[in-house]
Every structure is written in structure tokens, then in C-alpha cells.
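Student: Below you will find the structure I want to go over with you.
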Amino acid sequence: MPELPEVEIVKIGLLKQLPKTPILDLKLFRQDLRFPLPIKQLQELKHQTLNTIERRGKFLIFKTNKYNFISHLGMTGHWRYETEYTPIKHDHILIHWANVNLVYNDPRRFGYMLLSDEDTFKNYGPDPIHDYLDPQAFFELGQKSKTPIKSWLLNQNNILGIGNIYASEILFRAKINPKKITAKLKLNHWQDIISQTKKTLNEAISKGGSSMRDYKNVEGQQGDMQNHWLVYGQEHQKCKVCAQKIKKIIQTNRSTYLCPRCQK
């Protein structure tokens, strides 16, 4: 599933070609994806201008004068531009301008597109790229949690946009064991986590994101960050810091990778 860096790359690609003219037509090839589509409001986008596309966490936000929509890519969703529309299996949404088409394709249909308003993100945590992350605030919030720090980072109510891959990478770089109970972390641990979160996510953005199976950008290109992972997917490989073999464990049915020596 695309995480924050991959969705940021998609947003950047969409903005590069976003027409400044009104939408001429919008076609929905099905009534639902993961959830029912807001068909009436989407159809009303005809003759509206798509002003911009923003990102918050793993969500894209399509903004018009009348409505805002959030697009979540799920596991296999992706957007593409085409000058001449060529149908592909699993195309679900087509936005048509005079000289270009924007198409949403999603084979597994775990993605979705819903109406968004000022309350959409009120229960979510801060965005680690756009928002200031206060170590003291995270320390105080973490004191209330008895869950392992890896699971805490995956909870979008705590912080937005971090998924399984980058949680492992961030904790390795911060030299924190993913099994460590969140309430036992000290303020300096949170300072390290926040620092490495920003560094890791920004590095991934600069490298075009991570491509494992389905992720690709708007131009259909894969990212390169998977070639720079330090622990994720590196089971039995030597740690690049200390040469200890990387270990894989299972936490809440998810694979976690760590170095037993660097992350005691």
C-alpha cells in the first residue's frame, strides 16, 4: 500500500499536468470502489475547475470551488494522464478536459474517493512533512500507550502517513527496538523518532518512493527507494551498520524488520 512518500510523488506528478480549464466531462464506470462513490457530487464537477490537488498523510485532496474530494489509493490504485483515452481493464473514473484525460485505475478496488470537509481529518494525527512535530507532545501522548512503538507509529490517529515499510526504517535509523512499549520511551527517543521520520520520508520522496509490486507514479514509472532500504525486506542480510543479520518478526500480523544489535 502506498505510504506518504509515494502519495506525495503522485501529487507532484498530478500537479505538473493539471489543466487550468474547466472539466468538460466526468465518467464513472462503476458506482463504488471500497465505498460507494459520491456520484451526484462527482457529476457536478462538469464545468468546474479543479483548482489544485493537495496531500495529507496517505490522502490526495482534489479541491474545486464547489466540493473537495479525498482520494485514497488503497493497495493497487493509481492515477494516469492520457491525451487520448485508451480503456484499460479496471479503469473506474475518467475526468475529461479539452486536451487531456485523468484516469483512476484500481484492480483490487481497495481505494476510494469520498467527499471531504473541514472535519475529515479532525481525528487524525499531524502530517510529518507539512506539520510541526513537537517531541514533548508526542512524549506526553505516548505515555498513555502500552502498545509497541511500531504499532503506535502505524496508528493514523497518532501520526499520518507512516505505513509498515517506513515504520521499520524509521525505528532502525532511530536505534529503537520496534517491540519497545511506547510509554517507556523517553523524550530523547521521541526527538530521534521525529528527526528520523522527517529524514526518512524526505529521502524516499527524493528517490521517487518505494516500488514493491503495484506502486508507480503518474508517468507509470517505479520509485527507487526500495534499493535503499536499510532493514525492510532485508531478512538474513547483514546490517549495513554493524554486520549483524537483519531479523524479521511479526507484530499484529505485519512483518517488522530490525537489527538485534543496533536496536536492542
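Chain lettering (A, B, ...) mirrors the order of the C-alpha cells, residue numbering begins at 1 for each chain separately, and ligand numbering begins at 1 in order of display.
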Would you list the contacts of stretch 86-88 of chain A as a PyMOL selection string, taking every protein, DNA or RNA residue within 12 Å and counting only C-alpha atoms, but skipping same-chain residues closer than 4 positions in sequence?
Tutor: chain A and resi 29+80-82+92-94+100-107
Student: Next, dump the selected residues to file, keeping only N, CA and C atoms, as a PDB file, in the first residue's frame.
Tutor:
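Result file is out-v9.pdb:
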```
ATOM      1  N   PHE A  29     -17.294   4.467 -14.247  1.00  0.00           N
ATOM      2  CA  PHE A  29     -17.543   3.163 -14.850  1.00  0.00           C
ATOM      3  C   PHE A  29     -18.116   2.157 -13.861  1.00  0.00           C
ATOM      4  N   ARG A  80      -3.519   8.268 -13.832  1.00  0.00           N
ATOM      5  CA  ARG A  80      -2.663   8.493 -15.002  1.00  0.00           C
ATOM      6  C   ARG A  80      -3.297   9.531 -15.916  1.00  0.00           C
ATOM      7  N   TYR A  81      -2.470  10.292 -16.591  1.00  0.00           N
ATOM      8  CA  TYR A  81      -2.918  11.227 -17.624  1.00  0.00           C
ATOM      9  C   TYR A  81      -2.790  10.572 -18.986  1.00  0.00           C
ATOM     10  N   GLU A  82      -3.752  10.862 -19.873  1.00  0.00           N
ATOM     11  CA  GLU A  82      -3.690  10.407 -21.264  1.00  0.00           C
ATOM     12  C   GLU A  82      -4.231  11.503 -22.174  1.00  0.00           C
ATOM     13  N   HIS A  92     -11.861   3.064 -13.499  1.00  0.00           N
ATOM     14  CA  HIS A  92     -13.098   3.309 -12.758  1.00  0.00           C
ATOM     15  C   HIS A  92     -13.605   4.745 -12.864  1.00  0.00           C
ATOM     16  N   ILE A  93     -12.692   5.701 -13.003  1.00  0.00           N
ATOM     17  CA  ILE A  93     -13.087   7.108 -13.072  1.00  0.00           C
ATOM     18  C   ILE A  93     -12.316   7.775 -14.205  1.00  0.00           C
ATOM     19  N   LEU A  94     -13.018   8.579 -15.000  1.00  0.00           N
ATOM     20  CA  LEU A  94     -12.396   9.330 -16.094  1.00  0.00           C
ATOM     21  C   LEU A  94     -12.805  10.790 -15.985  1.00  0.00           C
ATOM     22  N   VAL A 100      -6.767  16.617 -22.455  1.00  0.00           N
ATOM     23  CA  VAL A 100      -6.178  15.563 -21.640  1.00  0.00           C
ATOM     24  C   VAL A 100      -7.258  14.875 -20.807  1.00  0.00           C
ATOM     25  N   ASN A 101      -6.969  13.651 -20.400  1.00  0.00           N
ATOM     26  CA  ASN A 101      -7.861  12.882 -19.536  1.00  0.00           C
ATOM     27  C   ASN A 101      -7.086  12.418 -18.310  1.00  0.00           C
ATOM     28  N   LEU A 102      -7.747  12.412 -17.167  1.00  0.00           N
ATOM     29  CA  LEU A 102      -7.175  11.884 -15.940  1.00  0.00           C
ATOM     30  C   LEU A 102      -7.999  10.661 -15.548  1.00  0.00           C
ATOM     31  N   VAL A 103      -7.305   9.515 -15.394  1.00  0.00           N
ATOM     32  CA  VAL A 103      -7.997   8.239 -15.209  1.00  0.00           C
ATOM     33  C   VAL A 103      -7.553   7.583 -13.906  1.00  0.00           C
ATOM     34  N   TYR A 104      -8.540   7.061 -13.166  1.00  0.00           N
ATOM     35  CA  TYR A 104      -8.223   6.283 -11.959  1.00  0.00           C
ATOM     36  C   TYR A 104      -8.437   4.804 -12.253  1.00  0.00           C
ATOM     37  N   ASN A 105      -7.389   4.015 -11.995  1.00  0.00           N
ATOM     38  CA  ASN A 105      -7.422   2.569 -12.232  1.00  0.00           C
ATOM     39  C   ASN A 105      -7.088   1.868 -10.924  1.00  0.00           C
ATOM     40  N   ASP A 106      -7.821   0.791 -10.614  1.00  0.00           N
ATOM     41  CA  ASP A 106      -7.605   0.105  -9.331  1.00  0.00           C
ATOM     42  C   ASP A 106      -8.078  -1.349  -9.444  1.00  0.00           C
ATOM     43  N   PRO A 107      -7.160  -2.276  -9.735  1.00  0.00           N
ATOM     44  CA  PRO A 107      -7.561  -3.674  -9.913  1.00  0.00           C
ATOM     45  C   PRO A 107      -8.261  -4.284  -8.700  1.00  0.00           C
TER      46      PRO A 107
END
```
Student: Using only C-alpha atoms, which residues sit within 8 Å of stretch 51-55 of chain A once same-chain residues fewer than 6 positions away are excluded, as a list of chain:residue names?
Tutor: A:Val7, A:Glu8, A:Lys11, A:Leu14, A:Leu15, A:Leu18, A:Lys20, A:Ile61, A:Phe62, A:Lys63, A:Thr64, A:Asn65
Student: Deliver the residues from the most recent selection as a file, using C-alpha atoms, as a compact mmCIF listing (two decimals), in the first residue's frame.
Tutor:
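Output saved as selection36.txt:
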```txt
# COMPACT_ATOMS: atom_id res chain seq x y z
CA VAL A 7 1.34 9.63 -2.45
CA GLU A 8 3.43 12.82 -2.41
CA LYS A 11 0.51 14.54 -6.08
CA LEU A 14 -0.68 15.27 -11.00
CA LEU A 15 0.03 18.96 -10.39
CA LEU A 18 -3.23 19.71 -14.06
CA LYS A 20 -6.41 25.20 -15.53
CA ILE A 61 -7.32 16.08 -1.77
CA PHE A 62 -8.92 17.26 -5.02
CA LYS A 63 -10.11 20.86 -4.49
CA THR A 64 -12.72 22.75 -6.52
CA ASN A 65 -14.79 25.84 -5.74
```
Student: Give me the stretch 158-229 of chain A side of the contact with stretch 244-260 of chain A, cut-off 12 Å, one line per residue showing its nearest atom pair and distance in Å at one decimal, counting only C-alpha atoms, sorted by chain and residue number, as a tab-separated table.
Tutor:
```
residue	atom	partner	partner_atom	distance
A:Gly163	CA	A:Arg254	CA	10.4
A:Asn164	CA	A:Arg254	CA	7.4
A:Ile165	CA	A:Thr256	CA	8.3
A:Tyr166	CA	A:Thr256	CA	10.3
A:Ala167	CA	A:Thr256	CA	8.5
A:Ser168	CA	A:Tyr257	CA	5.9
A:Glu169	CA	A:Tyr257	CA	8.2
A:Ile170	CA	A:Leu258	CA	10.4
A:Leu171	CA	A:Leu258	CA	8.2
A:Phe172	CA	A:Leu258	CA	6.3
A:Arg173	CA	A:Leu258	CA	10.0
A:Ala174	CA	A:Leu258	CA	11.3
A:Lys175	CA	A:Cys259	CA	8.9
A:Ile176	CA	A:Leu258	CA	9.1
A:Asn177	CA	A:Leu258	CA	7.3
A:Pro178	CA	A:Leu258	CA	7.6
A:Lys179	CA	A:Gln251	CA	8.3
A:Lys180	CA	A:Gln251	CA	11.8
A:Trp229	CA	A:Tyr257	CA	10.6
```
Student: Dump N, CA and C atoms for the selected residues as a compact mmCIF listing (two decimals), in the first residue's frame?
Tutor:
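Once everything was written out, this is result_37.txt:
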```txt
# COMPACT_ATOMS: atom_id res chain seq x y z
N GLY A 163 3.46 3.92 7.12
CA GLY A 163 2.98 2.56 6.97
C GLY A 163 4.05 1.57 7.40
N ASN A 164 3.87 0.33 7.03
CA ASN A 164 4.73 -0.74 7.53
C ASN A 164 6.19 -0.61 7.11
N ILE A 165 6.42 -0.20 5.88
CA ILE A 165 7.80 -0.09 5.39
C ILE A 165 8.56 0.98 6.16
N TYR A 166 8.01 2.18 6.17
CA TYR A 166 8.76 3.30 6.74
C TYR A 166 8.81 3.26 8.26
N ALA A 167 7.85 2.59 8.90
CA ALA A 167 7.94 2.44 10.35
C ALA A 167 9.18 1.63 10.72
N SER A 168 9.45 0.54 10.00
CA SER A 168 10.65 -0.26 10.25
C SER A 168 11.91 0.55 9.98
N GLU A 169 11.91 1.29 8.88
CA GLU A 169 13.08 2.08 8.51
C GLU A 169 13.35 3.19 9.53
N ILE A 170 12.31 3.88 9.96
CA ILE A 170 12.46 4.98 10.91
C ILE A 170 13.01 4.48 12.23
N LEU A 171 12.47 3.38 12.74
CA LEU A 171 12.90 2.87 14.04
C LEU A 171 14.33 2.34 13.98
N PHE A 172 14.73 1.76 12.87
CA PHE A 172 16.12 1.34 12.74
C PHE A 172 17.04 2.55 12.79
N ARG A 173 16.71 3.58 12.05
CA ARG A 173 17.56 4.78 12.00
C ARG A 173 17.60 5.49 13.35
N ALA A 174 16.50 5.37 14.12
CA ALA A 174 16.46 5.98 15.45
C ALA A 174 17.04 5.07 16.52
N LYS A 175 17.43 3.85 16.14
CA LYS A 175 18.04 2.86 17.04
C LYS A 175 17.10 2.48 18.19
N ILE A 176 15.83 2.29 17.83
CA ILE A 176 14.81 1.92 18.82
C ILE A 176 14.19 0.60 18.42
N ASN A 177 14.11 -0.33 19.37
CA ASN A 177 13.51 -1.63 19.11
C ASN A 177 12.01 -1.47 18.87
N PRO A 178 11.48 -2.03 17.78
CA PRO A 178 10.05 -1.86 17.46
C PRO A 178 9.12 -2.48 18.49
N LYS A 179 9.65 -3.38 19.34
CA LYS A 179 8.81 -4.01 20.37
C LYS A 179 8.75 -3.19 21.65
N LYS A 180 9.54 -2.14 21.75
CA LYS A 180 9.58 -1.33 22.97
C LYS A 180 8.22 -0.69 23.22
N TRP A 229 16.53 0.66 1.14
CA TRP A 229 16.05 0.23 2.45
C TRP A 229 17.22 -0.31 3.27
```
Student: As JSON, numbers by chain, which residues of stretch 39-220 of chain A does DSSP assign to helix (DSSP H, G or I)?
Tutor: {"A": [39, 40, 41, 42, 43, 135, 136, 137, 138, 139, 140, 141, 142, 149, 150, 151, 152, 153, 154, 164, 165, 166, 167, 168, 169, 170, 171, 172, 173, 182, 183, 184, 187, 188, 189, 190, 191, 192, 193, 194, 195, 196, 197, 198, 199, 200, 201, 202, 203, 204, 205, 206]}
Student: Select, from A:Leu114, A:Asp32, A:Leu45, A:Gln156, the residue with the minimum atom-to-atom distance to A:Phe69, counting only C-alpha atoms.
Tutor: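 So, comparing all the options, the nearest one is A:Leu114.
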Student: Would you give me, as number ranges by chain, the residues in stretch 35-260 of chain A that DSSP reads as strand (DSSP E)?
Tutor: A: 50-56, 59-64, 68-72, 78-82, 91-96, 101-105, 112-116, 247-251, 254-258
Student: For A:Val241, which residue among A:Gln17, A:Gln263, A:Asn157, A:Ser116 is the nearest when counting only C-alpha atoms?
Tutor: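 Looking only at the distances to A:Val241, the closest residue turns out to be A:Gln263.
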Student: Write out as a PyMOL selection string the residues lying within 10 Å of A:Pro36, counting only C-alpha atoms and excluding same-chain residues fewer than 6 positions away.
Tutor: chain A and resi 30+112-114
Student: Fewer than 6 positions away in the same chain doesn't count, so skip those; otherwise give me all residues within 10 Å of A:Ser211, counting only C-alpha atoms, as an MDAnalysis selection string.
Tutor: chainID A and resid 1:2 6 217 221:227
Student: Identify which of the residues A:Gln41, A:Phe35, A:His228, A:Lys16 lies closest to A:Ala204, counting only C-alpha atoms when measuring atom-to-atom distances.
Tutor: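 Of the candidates, the smallest distance to A:Ala204 is held by A:His228.
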